[in-house]
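Everything below concerns the one structure shown next.
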Amino acid sequence: MNEEERRELADLLLPNITTTRDEIEARYPARKLKEGAKVTRFAPSPTGFMHIGNLESAFLDYIFAIQSDGYFYVRLEDTDQERYVEKADQLIQETLVNYGIMPNEGAFSSGEYGPYVQSKRQEIYQIYIKDLLIHGLAYPCFMSKEELQEIREGQELRKEAIGVYGHYAVDRDLSLEEIKKHLSQGDSYVIRIKSPGDMNKQVILHDLIKGDITLPENIIDEVIMKKDGLPTYHFAHVIDDHLMHTTVVIRGDEWIPSYPKHLQLCQILGFKTSKYAHYAPLTKKENGNVRKLSKRKDPEFSVSYYDEAGIPVEAVKLFLATIINTNFEEWYLQNSDKSYLDFPFSFKKMPTGGTLFDTEKLNNICRTYFSRLKAEEIYDDGLKFYQKYDEEFYQIMLANKEKVICFLDIERNGKRPRKDIATYKDIKKECSYIFSDLFYQDETSVREKEVDFDLLNQYMEVYSDSDSQDEWYQKIQLLASNHSYAKSVKEYKNTPDVYKGHIGDICEALRYVVTGKTQTPNLYDILKILGKDEIKKRINFYQK
Ligand code: GLU
């Protein structure tokens with residue numbers, strides 16, 4: 001086809017496209033960026049599900065943009081209409097808001113490089129497609145599903161590369177007349193790129209995380225526009241990242257094999273390529289094998305799991321930070337007064353292979369996170385959790401603000417703050433006994449321990465709510481010596497035969513009777529919260 005024919009073809013296929021490539025480029029001028037500033041994008045497909053990998057992706061985009069004084073934007077990649085799920089974009093937006101991963105621009109706000117939803121950019125893609133047709137770099141392909149299937153089967157049998165390329169690309173050199181004939185018959189078509197690739201050549205991906213990766217050059221005439229007129233992901237994202245001036249594409253490493261296609265598209269289109277950072281998936285060990293986290297098998301794969309489990313969004317982010325850079329955890333433990341954004345994240349320190357999803361680590365991070373909060377903060381955040389998930393306890397918390405805060409404040413402000421709370425659910429689990437209603441209804445109140453009730457009853461005679469901690473302790477010591485208990489563990493250990501037990505045993509029995517637990521924060525404070533009448537009531541209740 002000569003130039004005139006190519007223009008005729010382009011007009012025939014895309015008659016409504018009148019804007020030129022130069023005109024569209026002028027609408028997306030280069031960004032004014034500081035030295036080293038990164039422009040990143042979170043580009044989810046609205047499929048109705050947000051998984052932890054999506055969240056990690058958005059978090060990475062956010063961190064690297066913010067730490068370099070750059071831009072982070074959100075782009076919805078909804079060109080696959082079959083996978084589109086109603087309101088999926090809302091879920092993505094809510095998740096980002098909830099996690100405080102706020103983009104500078106994009107699909108949920110505004111910005112000068114939009115629209116940020118691919119289905120609204122059809123004209124833009126077609127402008128580039130028309131330009132490619134005019135330059136003889138792309139062509140309409142009328143091959144049917146059956147023909148493609150036949151080619152594929154033959155290629156599989158002969159162990160050849162799968163796809164439309166070389167002599168399989170039968171429509172590559174159709175004449176204008178032949179194309180017109182197809183069109184007059186109403187034959188449907190896709191547009192393919194004319195790949196100049198050579199299967200004996202290789203390309204190198206300079207990945208920011210994984211280093212240099214050598215891959216075979218692309219030889220396939222990839223589809224760039226589907227039958228419905230929408231572009232493929234491969235084509236659309238290359239155009240968008242170019243126009244939106246993305247400097248680093250951060251995405252899952254399942255995209256690495258597609259890189260040669262993307263590089264080739266950039267080269268054909270004359271674009272400067274962005275840098276790429278492909279991160280490894282989260283994995284799990286199962287029967288000695290390592291596998292990717294899965295939607296079907298692992299509840300923690302879904303972002304909604306963390307909310308339901310009462311894991312605070314900040315703790316999830318801290319956990320992701322430990323996955324992103326393995327040296328983060330140590331830094332976090334040493335820097336109790338800093339935000340994770342003060343940590344110098346780097347692509348180079350990201351794991352290159354799969355990262356184990358370590359539930360124990362998540363749990364520890366959560367405990368440390370809670371241990372650094374003020375009692376009031378835990379109360380406020382916990383209240384929101386219970387409002388959503390447990391109406392009964394929500395009402396209890398609401399009516400007993402001071403009491404709950406008082407409980408949460410025990411052993412919180414010293415050098416080694418308590419770490420009994422890992423989730424919002426633990427607030428109820430740890431403090432339910434301070435509420436009579438919950439204490440008596442709890443099955444653990446049917447207990448089996450041997451308790452010296454004479455001792456506890458006598459203790460109640462001297463116990464006073466107004467005692468200081470020292471006075472309280474002295475009274476227990478006195479009680480111990482009056483009943484042949486050692487006043488200290490050391491004393492007991494020296495001559496165990498002389499004693500029934502030691503002071504710790506008395507405290508343990510008391511704790512057990514009034515709380516139903518073997519471990520609680522400081523007993524003195526718990527007793528104060530309960531008050532003498534309630535303590536007596538519990539001893540009596542238990543004695544029966
Ligand atoms: N829309 C693609 C996905 O959801 C994004 C890949 C990319 O970030 O380039 O997997």
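If you're wondering about the labels, chains in the structure tokens are A, B, ... by order shown, residues count from 1 in each chain, ligands from 1 in order shown.
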
Near-segment 277-289 of chain A list (7 Å; only C-alpha atoms; drop same-chain fewer than 3 positions) as a PyMOL selection string: chain A and resi 207-209+248-253+292-293+351-357

Keeping only all heavy atoms, write those residues as a short mmCIF file (atom, residue, chain, number, x, y, z; two decimals), in the first residue's frame.
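What landed in selection18.cif:
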```cif
data_model
loop_
_atom_site.label_atom_id
_atom_site.label_comp_id
_atom_site.auth_asym_id
_atom_site.auth_seq_id
_atom_site.Cartn_x
_atom_site.Cartn_y
_atom_site.Cartn_z
N ASP A 207 15.34 -3.77 35.41
CA ASP A 207 14.31 -3.66 36.44
C ASP A 207 14.88 -3.03 37.71
O ASP A 207 15.95 -3.42 38.18
CB ASP A 207 13.73 -5.04 36.74
CG ASP A 207 12.45 -4.94 37.54
OD1 ASP A 207 11.39 -4.76 36.90
OD2 ASP A 207 12.51 -5.01 38.77
N LEU A 208 14.14 -2.09 38.27
CA LEU A 208 14.65 -1.39 39.45
C LEU A 208 14.72 -2.29 40.68
O LEU A 208 15.48 -2.03 41.60
CB LEU A 208 13.76 -0.18 39.77
CG LEU A 208 13.75 0.93 38.73
CD1 LEU A 208 12.80 2.04 39.16
CD2 LEU A 208 15.14 1.50 38.53
N ILE A 209 13.91 -3.33 40.70
CA ILE A 209 13.92 -4.24 41.85
C ILE A 209 14.77 -5.47 41.56
O ILE A 209 15.62 -5.86 42.36
CB ILE A 209 12.48 -4.69 42.20
CG1 ILE A 209 11.63 -3.48 42.60
CG2 ILE A 209 12.50 -5.74 43.31
CD1 ILE A 209 10.15 -3.75 42.74
N VAL A 248 7.94 5.88 36.70
CA VAL A 248 8.20 4.49 37.13
C VAL A 248 6.90 3.70 37.15
O VAL A 248 5.94 4.08 37.83
CB VAL A 248 8.77 4.41 38.57
CG1 VAL A 248 9.30 3.00 38.82
CG2 VAL A 248 9.85 5.41 38.81
N VAL A 249 6.89 2.62 36.40
CA VAL A 249 5.74 1.71 36.42
C VAL A 249 6.05 0.65 37.48
O VAL A 249 7.01 -0.10 37.35
CB VAL A 249 5.56 1.03 35.05
CG1 VAL A 249 4.53 -0.10 35.14
CG2 VAL A 249 5.14 2.05 34.00
N ILE A 250 5.25 0.66 38.55
CA ILE A 250 5.44 -0.34 39.61
C ILE A 250 4.31 -1.34 39.48
O ILE A 250 3.13 -0.96 39.57
CB ILE A 250 5.41 0.33 41.01
CG1 ILE A 250 6.45 1.46 41.08
CG2 ILE A 250 5.67 -0.70 42.10
CD1 ILE A 250 6.36 2.31 42.34
N ARG A 251 4.62 -2.57 39.24
CA ARG A 251 3.55 -3.56 39.04
C ARG A 251 4.05 -4.95 39.39
O ARG A 251 5.25 -5.18 39.54
CB ARG A 251 3.03 -3.51 37.60
CG ARG A 251 4.09 -3.82 36.57
CD ARG A 251 3.55 -3.68 35.14
NE ARG A 251 4.59 -4.04 34.17
CZ ARG A 251 4.46 -3.93 32.87
NH1 ARG A 251 3.34 -3.47 32.34
NH2 ARG A 251 5.45 -4.28 32.06
N GLY A 252 3.12 -5.88 39.49
CA GLY A 252 3.45 -7.25 39.87
C GLY A 252 4.33 -7.92 38.83
O GLY A 252 4.26 -7.59 37.63
N ASP A 253 5.15 -8.88 39.29
CA ASP A 253 6.11 -9.46 38.34
C ASP A 253 5.49 -10.42 37.34
O ASP A 253 6.18 -10.93 36.46
CB ASP A 253 7.31 -10.08 39.07
CG ASP A 253 6.94 -11.27 39.94
OD1 ASP A 253 5.78 -11.69 39.92
OD2 ASP A 253 7.85 -11.77 40.64
N LYS A 292 1.63 -18.96 45.61
CA LYS A 292 1.14 -17.58 45.73
C LYS A 292 -0.09 -17.56 46.62
O LYS A 292 -0.86 -18.51 46.65
CB LYS A 292 0.72 -17.08 44.35
CG LYS A 292 1.85 -16.58 43.50
CD LYS A 292 1.24 -15.87 42.31
CE LYS A 292 2.28 -15.58 41.26
NZ LYS A 292 1.75 -14.88 40.10
N LEU A 293 -0.29 -16.44 47.29
CA LEU A 293 -1.49 -16.27 48.09
C LEU A 293 -2.69 -16.36 47.15
O LEU A 293 -2.63 -15.82 46.04
CB LEU A 293 -1.45 -14.89 48.73
CG LEU A 293 -1.77 -14.77 50.21
CD1 LEU A 293 -0.84 -15.66 51.02
CD2 LEU A 293 -1.59 -13.33 50.68
N PRO A 351 12.48 -7.45 48.08
CA PRO A 351 12.79 -8.86 47.78
C PRO A 351 12.58 -9.15 46.29
O PRO A 351 11.64 -8.63 45.68
CB PRO A 351 11.78 -9.64 48.62
CG PRO A 351 10.77 -8.67 49.08
CD PRO A 351 11.33 -7.30 48.98
N THR A 352 13.46 -9.95 45.74
CA THR A 352 13.35 -10.24 44.30
C THR A 352 12.52 -11.50 44.05
O THR A 352 11.96 -11.66 42.98
CB THR A 352 14.75 -10.42 43.67
OG1 THR A 352 15.43 -11.40 44.45
CG2 THR A 352 15.52 -9.13 43.70
N GLY A 353 12.45 -12.37 45.05
CA GLY A 353 11.61 -13.57 44.89
C GLY A 353 10.36 -13.41 45.72
O GLY A 353 10.15 -12.38 46.36
N GLY A 354 9.50 -14.44 45.73
CA GLY A 354 8.25 -14.37 46.50
C GLY A 354 8.50 -14.07 47.97
O GLY A 354 9.49 -14.51 48.55
N THR A 355 7.60 -13.32 48.59
CA THR A 355 7.76 -12.99 50.00
C THR A 355 6.72 -13.76 50.79
O THR A 355 5.54 -13.70 50.48
CB THR A 355 7.44 -11.49 50.20
OG1 THR A 355 8.01 -10.78 49.11
CG2 THR A 355 8.00 -10.99 51.49
N LEU A 356 7.18 -14.44 51.82
CA LEU A 356 6.24 -15.22 52.63
C LEU A 356 5.32 -14.30 53.42
O LEU A 356 5.78 -13.35 54.05
CB LEU A 356 7.00 -16.09 53.62
CG LEU A 356 7.50 -17.44 53.12
CD1 LEU A 356 8.00 -18.26 54.30
CD2 LEU A 356 6.42 -18.22 52.37
N PHE A 357 4.05 -14.60 53.38
CA PHE A 357 3.09 -13.86 54.18
C PHE A 357 3.18 -14.42 55.60
O PHE A 357 2.72 -15.52 55.87
CB PHE A 357 1.67 -14.05 53.62
CG PHE A 357 0.67 -13.19 54.30
CD1 PHE A 357 0.25 -12.00 53.73
CD2 PHE A 357 0.14 -13.54 55.53
CE1 PHE A 357 -0.67 -11.19 54.36
CE2 PHE A 357 -0.77 -12.74 56.17
CZ PHE A 357 -1.18 -11.56 55.58
#
```

If you count only C-alpha atoms and all ligand atoms, which residues end up within 10 Å of ligand 1, as a ChimeraX atom specification? /A:40-47,53-54,57-58,75-80,233-234,236-238,241,249-255,276,278

Put those residues in a file: N, CA, C and O atoms, as a tab-separated table (two decimals), in the first residue's frame.
```tsv
chain	number	residue	atom	x	y	z
A	40	THR	N	4.25	8.11	39.69
A	40	THR	CA	3.82	6.71	39.75
A	40	THR	C	2.31	6.65	39.55
A	40	THR	O	1.62	7.66	39.72
A	41	ARG	N	1.85	5.48	39.24
A	41	ARG	CA	0.40	5.34	39.07
A	41	ARG	C	-0.06	4.00	39.61
A	41	ARG	O	0.64	3.00	39.54
A	42	PHE	N	-1.26	4.02	40.16
A	42	PHE	CA	-1.92	2.79	40.58
A	42	PHE	C	-2.97	2.55	39.51
A	42	PHE	O	-3.81	3.41	39.27
A	43	ALA	N	-2.88	1.40	38.86
A	43	ALA	CA	-3.73	1.19	37.68
A	43	ALA	C	-4.56	-0.08	37.79
A	43	ALA	O	-4.38	-1.03	37.04
A	44	PRO	N	-5.48	-0.10	38.74
A	44	PRO	CA	-6.25	-1.34	38.92
A	44	PRO	C	-7.32	-1.53	37.85
A	44	PRO	O	-7.80	-0.56	37.26
A	45	SER	N	-7.67	-2.77	37.64
A	45	SER	CA	-8.82	-3.08	36.80
A	45	SER	C	-10.00	-3.25	37.74
A	45	SER	O	-9.89	-3.95	38.75
A	46	PRO	N	-11.11	-2.60	37.46
A	46	PRO	CA	-12.24	-2.66	38.39
A	46	PRO	C	-12.98	-3.99	38.31
A	46	PRO	O	-13.97	-4.14	37.61
A	47	THR	N	-12.47	-4.97	39.04
A	47	THR	CA	-13.04	-6.31	38.97
A	47	THR	C	-13.87	-6.65	40.21
A	47	THR	O	-14.29	-7.79	40.37
A	53	GLY	N	-2.26	-7.65	47.34
A	53	GLY	CA	-1.28	-7.27	46.30
A	53	GLY	C	-1.63	-5.93	45.68
A	53	GLY	O	-0.76	-5.10	45.41
A	54	ASN	N	-2.94	-5.69	45.46
A	54	ASN	CA	-3.36	-4.38	44.93
A	54	ASN	C	-2.98	-3.29	45.92
A	54	ASN	O	-2.50	-2.22	45.54
A	57	SER	N	0.59	-2.57	45.89
A	57	SER	CA	0.92	-1.81	44.69
A	57	SER	C	0.64	-0.32	44.91
A	57	SER	O	1.49	0.55	44.66
A	58	ALA	N	-0.56	-0.01	45.39
A	58	ALA	CA	-0.93	1.38	45.63
A	58	ALA	C	-0.01	2.01	46.69
A	58	ALA	O	0.41	3.16	46.57
A	75	ARG	N	-5.36	5.39	37.92
A	75	ARG	CA	-5.96	5.24	36.58
A	75	ARG	C	-6.76	3.93	36.56
A	75	ARG	O	-6.23	2.88	36.93
A	76	LEU	N	-7.99	4.02	36.18
A	76	LEU	CA	-8.81	2.79	36.13
A	76	LEU	C	-8.66	2.13	34.77
A	76	LEU	O	-8.93	2.74	33.74
A	77	GLU	N	-8.23	0.88	34.79
A	77	GLU	CA	-8.00	0.17	33.54
A	77	GLU	C	-9.18	-0.76	33.28
A	77	GLU	O	-9.18	-1.92	33.66
A	78	ASP	N	-10.18	-0.19	32.65
A	78	ASP	CA	-11.44	-0.91	32.49
A	78	ASP	C	-11.72	-1.27	31.03
A	78	ASP	O	-12.86	-1.28	30.60
A	79	THR	N	-10.67	-1.54	30.28
A	79	THR	CA	-10.92	-1.84	28.85
A	79	THR	C	-11.43	-3.25	28.63
A	79	THR	O	-11.95	-3.55	27.58
A	80	ASP	N	-11.27	-4.09	29.65
A	80	ASP	CA	-11.81	-5.44	29.51
A	80	ASP	C	-13.23	-5.44	30.05
A	80	ASP	O	-13.48	-5.69	31.22
A	233	TYR	N	-4.96	-3.94	26.97
A	233	TYR	CA	-4.20	-3.40	28.10
A	233	TYR	C	-2.80	-2.96	27.64
A	233	TYR	O	-2.33	-1.88	27.98
A	234	HIS	N	-2.16	-3.85	26.86
A	234	HIS	CA	-0.78	-3.58	26.44
A	234	HIS	C	-0.67	-2.22	25.77
A	234	HIS	O	0.21	-1.42	26.07
A	236	ALA	N	-3.03	0.31	25.65
A	236	ALA	CA	-3.57	1.45	26.40
A	236	ALA	C	-2.58	1.94	27.46
A	236	ALA	O	-2.36	3.14	27.60
A	237	HIS	N	-1.96	1.01	28.16
A	237	HIS	CA	-1.11	1.48	29.26
A	237	HIS	C	0.15	2.17	28.75
A	237	HIS	O	0.66	3.10	29.36
A	238	VAL	N	0.61	1.73	27.57
A	238	VAL	CA	1.79	2.38	26.99
A	238	VAL	C	1.45	3.83	26.60
A	238	VAL	O	2.21	4.76	26.88
A	241	ASP	N	0.80	5.84	30.01
A	241	ASP	CA	2.00	6.16	30.78
A	241	ASP	C	2.85	7.21	30.05
A	241	ASP	O	3.52	8.02	30.69
A	249	VAL	N	6.89	2.62	36.40
A	249	VAL	CA	5.74	1.71	36.42
A	249	VAL	C	6.05	0.65	37.48
A	249	VAL	O	7.01	-0.10	37.35
A	250	ILE	N	5.25	0.66	38.55
A	250	ILE	CA	5.44	-0.34	39.61
A	250	ILE	C	4.31	-1.34	39.48
A	250	ILE	O	3.13	-0.96	39.57
A	251	ARG	N	4.62	-2.57	39.24
A	251	ARG	CA	3.55	-3.56	39.04
A	251	ARG	C	4.05	-4.95	39.39
A	251	ARG	O	5.25	-5.18	39.54
A	252	GLY	N	3.12	-5.88	39.49
A	252	GLY	CA	3.45	-7.25	39.87
A	252	GLY	C	4.33	-7.92	38.83
A	252	GLY	O	4.26	-7.59	37.63
A	253	ASP	N	5.15	-8.88	39.29
A	253	ASP	CA	6.11	-9.46	38.34
A	253	ASP	C	5.49	-10.42	37.34
A	253	ASP	O	6.18	-10.93	36.46
A	254	GLU	N	4.17	-10.64	37.44
A	254	GLU	CA	3.53	-11.47	36.41
A	254	GLU	C	3.54	-10.74	35.06
A	254	GLU	O	3.28	-11.34	34.03
A	255	TRP	N	3.87	-9.45	35.10
A	255	TRP	CA	3.91	-8.67	33.85
A	255	TRP	C	5.27	-8.71	33.16
A	255	TRP	O	5.42	-8.21	32.06
A	276	TYR	N	10.83	0.55	35.01
A	276	TYR	CA	9.93	-0.48	35.51
A	276	TYR	C	10.44	-1.06	36.82
A	276	TYR	O	11.65	-1.24	37.00
A	278	HIS	N	9.24	-4.33	39.01
A	278	HIS	CA	8.32	-5.46	39.14
A	278	HIS	C	8.52	-6.12	40.50
A	278	HIS	O	9.60	-6.62	40.79
```

Shell of 9 Å around Tyr113 of chain A, only C-alpha atoms, local chain residues under 5 positions omitted, as a list in words: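 In the requested form, the answer reads Arg27, Tyr28, Pro29, Glu105, Gly106, Leu243, Met244 and His245 of chain A.
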
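Nearest-residue note for Lys145 of chain A: choosing from A:Ser110, A:Asn400, A:Ser188, A:Thr322, the minimum distance belongs to A:Ser188, counting only C-alpha atoms.
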
Tell me which of A:Gly501, A:Pro496, A:Pro115, A:Pro521 sits closest to His483 of chain A, counting only C-alpha atoms. A:Gly501

Near segment 301-303 of chain A, within 8 Å and counting only C-alpha atoms, which residues show up once chain neighbours fewer than 2 positions away are dropped, as a list in words?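 What passes the distance filter is Phe49, Met50, His51, Ile52, Gly53, Leu55, Leu293, Ser294, Lys295, Asp298, Pro299, Tyr305, Tyr306 and Asp307 of chain A.
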
Members of segment 37-137 of chain A assigned helix (DSSP H, G or I) by DSSP, as a PyMOL selection string: chain A and resi 52-67+81-83+88-98+118-134

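For the set A:Tyr424, A:Phe319, A:Tyr512, A:Tyr485, the residue with the smallest atom-to-atom gap to Asp358 of chain A is A:Phe319, counting only C-alpha atoms.
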
If we count only C-alpha atoms and set the cut-off at 10 Å, which residues sit around segment 450-466 of chain A, ignoring sequence neighbours fewer than 3 positions away in its own chain? Please answer as a PyMOL selection string. chain A and resi 447+469+471-472+475-476+478-480+482-483+505-510+512-513+524+527-533+535-536+539-540+542-543

Between atom CA of Leu96 of chain A and atom CA of Tyr386 of chain A, what is the spacing in Å?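 For atom CA of Tyr386 of chain A relative to atom CA of Leu96 of chain A, the distance reads 21.5 Å.
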